[in-house]
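Worksheet for the structure shown next.
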Number of protein chains: 2
Amino acid sequence: MSTETDKQVQNGVNVDALLGARDALSKAPEAAKFNWKASCKWMSGTHSQTSIQGFYGLGSQQSHKTEFTFDTDHPEIFASEDKGATPVEMVLAGLAGCLTAGVASIAQLRKIQLRSVKATLEGAMDIQGILGIDSDVRNGFDDIKVTFKIDAENASKKDLEALVAQSQKRSAVFDIVANPTNVTVVVA
Amino acid sequence: MSTETDKQVQNGVNVDALLGARDALSKAPEAAKFNWKASCKWMSGTHSQTSIQGFYGLGSQQSHKTEFTFDTDHPEIFASEDKGATPVEMVLAGLAGCLTAGVASIAQLRKIQLRSVKATLEGAMDIQGILGIDSDVRNGFDDIKVTFKIDAENASKKDLEALVAQSQKRSAVFDIVANPTNVTVVVA
């Protein structure tokens, strides 16, 4: 940790606002109930486009400043047109973004000045599962490995390991991937 | 199912190639071992950018035609700059794309001609978890609901329900979300 106590740590995270929100929501737990949304439209073949803008939280409808759209597809080696990342790569992107945002937020709280954070993710998958070759092989990832490289002004390797561990502990996507989530799929 | 047996069903999925791949990989299971990759770079605050291009499969390094990049961030109500979808919304986009690609592929196999497929996804989350207010509240989604609206030329409601059920059964992202996956996070 820093010994330069006069220096302001600035990772671009508004920790006061987050601590304020924590305080406010601990007194109004109903407002903490969020509902995240996505709308997907099939384009052709394995290509789809998903739009994200509205969500519910703090007791009312909310909206991102703009709509975010994502194309997903399969690559050419699966006889598809490769018009977007694969759906499983989207999950890796979500996991990466979640853990990295956590690292920045917790660094701010712990007064660790970050210079750079990079994460590489690898998700091993035996596609005998999705192809229905072997029913003992799962469809999803066998295993995901995330490797962080963090350059900070004022943190030891141990500090950085603790930072990453805490990010993992509070990460929504880490939890979604590591633990089971109930998914209901219906046809309207 | 269609009674117009002369008519070619065309959903843009090359089922022959997929069946060929299944046949080939059942004889060469080592080639079915894939490794999907993502590289994430912290930008500032909760904003990160993830790049996806290379992956490993069929026994060698592979590459998407282009690099796909995704910005993730938190919305303004969390005192962030909202420069991208949230990481949890990325997971919804992955789930949407995976199930929809499955619907199109299985429809092709079952000779169901699709006109349109839309899916809306809702992921409920109590943010008391990620804010650390209540340790009994999980960080991830409590529950995800996916609602498909499918317009097909030649399929009953029952056919469509069977189609969606089969897509779910073979979906990589459905499996990743519904079942636990081991995630190892290290600091290099």
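In the structure tokens, each chain is lettered A, B, ... as it comes, each chain's residues begin at 1, and ligands are numbered from 1 in order of appearance.
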
### Contacts of Ala178 in chain A within 8 Å, only C-alpha atoms, excl. fewer than 5 positions in-chain, as a PyMOL selection string
chain B and resi 179-183

### Task
Please report, as number ranges by chain, each residue of chain B to which DSSP assigns alpha helix (DSSP H) when run on this structure's backbone.
B: 15-27, 87-109, 157-169, 172-178

### Query
Quick one: of A:Gly54, A:Gly94, A:Gly12, A:Pro87, who's nearest to Phe34 in chain A, counting only C-alpha atoms?
A:Gly54

### Which of A:Asn35, A:Gln10, A:Ser26, A:Asn154 sits closest to Met125 in chain B [using only C-alpha atoms]
A:Asn35

### Task
Point out the residue among A:Asp159, A:Glu67, A:Glu81, A:Asp126 with the least atom-to-atom distance to chain B, counting only C-alpha atoms.
A:Asp126

Which residues come within 8 Å of Phe148 in chain A, counting only C-alpha atoms, excluding same-chain residues fewer than 4 positions away, as a PDB file with all heavy atoms, in the first residue's frame?
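So the final result, stored in result-v1.pdb, reads:
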ATOM      1  N   VAL A 117      -4.118  -2.969 -16.366  1.00  0.00           N
ATOM      2  CA  VAL A 117      -4.660  -4.284 -16.002  1.00  0.00           C
ATOM      3  C   VAL A 117      -4.989  -5.002 -17.299  1.00  0.00           C
ATOM      4  O   VAL A 117      -5.696  -4.448 -18.166  1.00  0.00           O
ATOM      5  CB  VAL A 117      -5.953  -4.169 -15.157  1.00  0.00           C
ATOM      6  CG1 VAL A 117      -6.453  -5.565 -14.750  1.00  0.00           C
ATOM      7  CG2 VAL A 117      -5.740  -3.294 -13.927  1.00  0.00           C
ATOM      8  N   LYS A 118      -4.460  -6.197 -17.431  1.00  0.00           N
ATOM      9  CA  LYS A 118      -4.803  -7.013 -18.592  1.00  0.00           C
ATOM     10  C   LYS A 118      -5.207  -8.391 -18.094  1.00  0.00           C
ATOM     11  O   LYS A 118      -4.625  -8.902 -17.133  1.00  0.00           O
ATOM     12  CB  LYS A 118      -3.613  -7.150 -19.549  1.00  0.00           C
ATOM     13  CG  LYS A 118      -3.383  -5.865 -20.328  1.00  0.00           C
ATOM     14  CD  LYS A 118      -2.258  -5.966 -21.303  1.00  0.00           C
ATOM     15  CE  LYS A 118      -2.038  -4.602 -21.981  1.00  0.00           C
ATOM     16  NZ  LYS A 118      -0.956  -4.634 -22.934  1.00  0.00           N
ATOM     17  N   ALA A 119      -6.178  -8.960 -18.752  1.00  0.00           N
ATOM     18  CA  ALA A 119      -6.585 -10.317 -18.384  1.00  0.00           C
ATOM     19  C   ALA A 119      -6.682 -11.144 -19.659  1.00  0.00           C
ATOM     20  O   ALA A 119      -7.181 -10.673 -20.681  1.00  0.00           O
ATOM     21  CB  ALA A 119      -7.928 -10.300 -17.675  1.00  0.00           C
ATOM     22  N   THR A 120      -6.140 -12.352 -19.598  1.00  0.00           N
ATOM     23  CA  THR A 120      -6.351 -13.273 -20.715  1.00  0.00           C
ATOM     24  C   THR A 120      -7.167 -14.441 -20.181  1.00  0.00           C
ATOM     25  O   THR A 120      -6.926 -14.925 -19.073  1.00  0.00           O
ATOM     26  CB  THR A 120      -5.030 -13.795 -21.318  1.00  0.00           C
ATOM     27  OG1 THR A 120      -4.244 -14.349 -20.273  1.00  0.00           O
ATOM     28  CG2 THR A 120      -4.234 -12.676 -21.959  1.00  0.00           C
TER      29      THR A 120
ATOM     30  N   VAL B 185      -8.543 -18.266 -11.285  1.00  0.00           N
ATOM     31  CA  VAL B 185      -8.083 -16.894 -11.548  1.00  0.00           C
ATOM     32  C   VAL B 185      -6.717 -16.730 -10.894  1.00  0.00           C
ATOM     33  O   VAL B 185      -6.576 -16.961  -9.698  1.00  0.00           O
ATOM     34  CB  VAL B 185      -9.077 -15.850 -10.980  1.00  0.00           C
ATOM     35  CG1 VAL B 185      -8.658 -14.445 -11.385  1.00  0.00           C
ATOM     36  CG2 VAL B 185     -10.507 -16.138 -11.443  1.00  0.00           C
ATOM     37  N   VAL B 186      -5.721 -16.375 -11.698  1.00  0.00           N
ATOM     38  CA  VAL B 186      -4.375 -16.198 -11.148  1.00  0.00           C
ATOM     39  C   VAL B 186      -3.802 -14.833 -11.540  1.00  0.00           C
ATOM     40  O   VAL B 186      -4.250 -14.213 -12.507  1.00  0.00           O
ATOM     41  CB  VAL B 186      -3.398 -17.304 -11.638  1.00  0.00           C
ATOM     42  CG1 VAL B 186      -3.858 -18.683 -11.194  1.00  0.00           C
ATOM     43  CG2 VAL B 186      -3.218 -17.263 -13.143  1.00  0.00           C
ATOM     44  N   VAL B 187      -2.804 -14.413 -10.767  1.00  0.00           N
ATOM     45  CA  VAL B 187      -2.065 -13.189 -11.093  1.00  0.00           C
ATOM     46  C   VAL B 187      -0.701 -13.620 -11.608  1.00  0.00           C
ATOM     47  O   VAL B 187       0.016 -14.354 -10.921  1.00  0.00           O
ATOM     48  CB  VAL B 187      -1.917 -12.278  -9.853  1.00  0.00           C
ATOM     49  CG1 VAL B 187      -1.145 -11.006 -10.210  1.00  0.00           C
ATOM     50  CG2 VAL B 187      -3.276 -11.933  -9.263  1.00  0.00           C
ATOM     51  N   ALA B 188      -0.372 -13.195 -12.829  1.00  0.00           N
ATOM     52  CA  ALA B 188       0.913 -13.630 -13.440  1.00  0.00           C
ATOM     53  C   ALA B 188       2.073 -12.935 -12.754  1.00  0.00           C
ATOM     54  O   ALA B 188       1.966 -11.791 -12.323  1.00  0.00           O
ATOM     55  CB  ALA B 188       0.906 -13.300 -14.924  1.00  0.00           C
TER      56      ALA B 188
END

Would you give me, as a PDB file with C-alpha atoms, in the first residue's frame, the residues in range 14-146 of chain A that DSSP reads as strand (DSSP E)?
ATOM      1  CA  LYS A  33     -33.809  -5.881  -7.084  1.00  0.00           C
ATOM      2  CA  PHE A  34     -32.609  -5.571 -10.654  1.00  0.00           C
ATOM      3  CA  ASN A  35     -33.769  -7.163 -13.867  1.00  0.00           C
ATOM      4  CA  TRP A  36     -31.315  -7.164 -16.765  1.00  0.00           C
ATOM      5  CA  LYS A  37     -32.711  -7.606 -20.261  1.00  0.00           C
ATOM      6  CA  ALA A  38     -31.661  -8.608 -23.750  1.00  0.00           C
ATOM      7  CA  SER A  39     -33.583  -8.955 -27.016  1.00  0.00           C
ATOM      8  CA  CYS A  40     -32.271 -11.317 -29.633  1.00  0.00           C
ATOM      9  CA  LYS A  41     -33.232 -11.496 -33.282  1.00  0.00           C
ATOM     10  CA  TRP A  42     -32.262 -14.382 -35.523  1.00  0.00           C
ATOM     11  CA  MET A  43     -30.598 -13.131 -38.711  1.00  0.00           C
ATOM     12  CA  SER A  44     -29.793 -16.291 -40.710  1.00  0.00           C
ATOM     13  CA  HIS A  47     -26.047 -15.597 -36.884  1.00  0.00           C
ATOM     14  CA  SER A  48     -28.130 -13.617 -34.376  1.00  0.00           C
ATOM     15  CA  GLN A  49     -28.128 -10.057 -33.163  1.00  0.00           C
ATOM     16  CA  THR A  50     -28.801  -9.132 -29.556  1.00  0.00           C
ATOM     17  CA  SER A  51     -29.789  -5.643 -28.407  1.00  0.00           C
ATOM     18  CA  ILE A  52     -29.360  -4.327 -24.907  1.00  0.00           C
ATOM     19  CA  GLN A  53     -30.647  -1.046 -23.563  1.00  0.00           C
ATOM     20  CA  GLY A  54     -33.420  -1.117 -20.964  1.00  0.00           C
ATOM     21  CA  PHE A  55     -33.214  -2.669 -17.526  1.00  0.00           C
ATOM     22  CA  TYR A  56     -35.054  -2.423 -14.239  1.00  0.00           C
ATOM     23  CA  GLY A  57     -33.539  -1.323 -10.966  1.00  0.00           C
ATOM     24  CA  SER A  60     -38.069   1.818 -11.810  1.00  0.00           C
ATOM     25  CA  GLN A  61     -37.265   1.287 -15.482  1.00  0.00           C
ATOM     26  CA  GLN A  62     -33.761   2.382 -16.380  1.00  0.00           C
ATOM     27  CA  SER A  63     -31.926   2.745 -19.651  1.00  0.00           C
ATOM     28  CA  HIS A  64     -28.366   2.702 -20.904  1.00  0.00           C
ATOM     29  CA  LYS A  65     -27.375   5.949 -22.643  1.00  0.00           C
ATOM     30  CA  THR A  66     -27.331   4.064 -25.959  1.00  0.00           C
ATOM     31  CA  GLU A  67     -28.394   0.697 -27.281  1.00  0.00           C
ATOM     32  CA  PHE A  68     -25.612  -1.890 -27.437  1.00  0.00           C
ATOM     33  CA  THR A  69     -25.875  -4.538 -30.134  1.00  0.00           C
ATOM     34  CA  PHE A  70     -23.906  -7.751 -30.411  1.00  0.00           C
ATOM     35  CA  ASP A  71     -23.663 -10.143 -33.318  1.00  0.00           C
ATOM     36  CA  THR A  72     -23.027 -13.752 -32.454  1.00  0.00           C
ATOM     37  CA  LEU A 114      -3.336   1.012 -11.109  1.00  0.00           C
ATOM     38  CA  ARG A 115      -1.252   1.678 -14.193  1.00  0.00           C
ATOM     39  CA  SER A 116      -2.563  -1.155 -16.343  1.00  0.00           C
ATOM     40  CA  VAL A 117      -4.660  -4.284 -16.002  1.00  0.00           C
ATOM     41  CA  LYS A 118      -4.803  -7.013 -18.592  1.00  0.00           C
ATOM     42  CA  ALA A 119      -6.585 -10.317 -18.384  1.00  0.00           C
ATOM     43  CA  THR A 120      -6.351 -13.273 -20.715  1.00  0.00           C
ATOM     44  CA  LEU A 121      -9.037 -15.910 -20.565  1.00  0.00           C
ATOM     45  CA  GLU A 122      -9.050 -19.437 -21.890  1.00  0.00           C
ATOM     46  CA  GLY A 123     -12.079 -21.679 -21.876  1.00  0.00           C
ATOM     47  CA  ALA A 124     -11.485 -25.340 -22.674  1.00  0.00           C
ATOM     48  CA  MET A 125     -14.348 -27.141 -24.353  1.00  0.00           C
ATOM     49  CA  ASP A 126     -14.720 -30.576 -25.903  1.00  0.00           C
ATOM     50  CA  ASP A 143     -12.591 -25.280 -17.256  1.00  0.00           C
ATOM     51  CA  ILE A 144     -11.853 -21.558 -17.514  1.00  0.00           C
ATOM     52  CA  LYS A 145      -8.504 -20.012 -16.702  1.00  0.00           C
ATOM     53  CA  VAL A 146      -8.157 -16.273 -16.144  1.00  0.00           C
TER      54      VAL A 146
END

### Query
Between B:Ala24, B:Ala162, B:Ile150, B:Ala172, which has the minimum distance to chain A (counting only C-alpha atoms)?
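For chain A, the nearest of the candidates is B:Ala172.
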
Can you pull out the residues contacting range 135-138 of chain B? Cut-off 9 Å, using only C-alpha atoms, and skip same-chain residues under 2 positions away; I want them as a compact mmCIF listing (two decimals) with C-alpha atoms, in the first residue's frame.
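This is the output file out_23.txt:
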# COMPACT_ATOMS: atom_id res chain seq x y z
CA ARG A 170 -17.92 -10.07 -5.46
CA ALA A 172 -21.64 -11.40 -10.61
CA ASP A 175 -20.78 -16.47 -9.66
CA MET B 125 -30.46 -10.05 -9.70
CA ASP B 126 -30.44 -8.66 -6.20
CA ILE B 127 -27.49 -6.30 -6.13
CA GLN B 128 -27.23 -6.59 -2.37
CA GLY B 129 -24.94 -9.49 -3.29
CA ILE B 130 -22.32 -7.64 -5.33
CA GLY B 132 -21.66 -6.89 -0.05
CA ILE B 133 -24.77 -5.82 1.90
CA GLY B 140 -25.15 -13.55 -9.91
CA PHE B 141 -28.60 -13.97 -11.37
CA ASP B 142 -31.29 -15.45 -9.15

#### Entry: One-decimal distance in Å that lies between CA of Leu99 in chain A and CA of Thr100 in chain B
27.2 Å

#### Entry: CA of Val15 in chain B to CA of Gly102 in chain B, straight-line distance in Å
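Answer for the CA of Gly102 in chain B to CA of Val15 in chain B separation: 11.6 Å.
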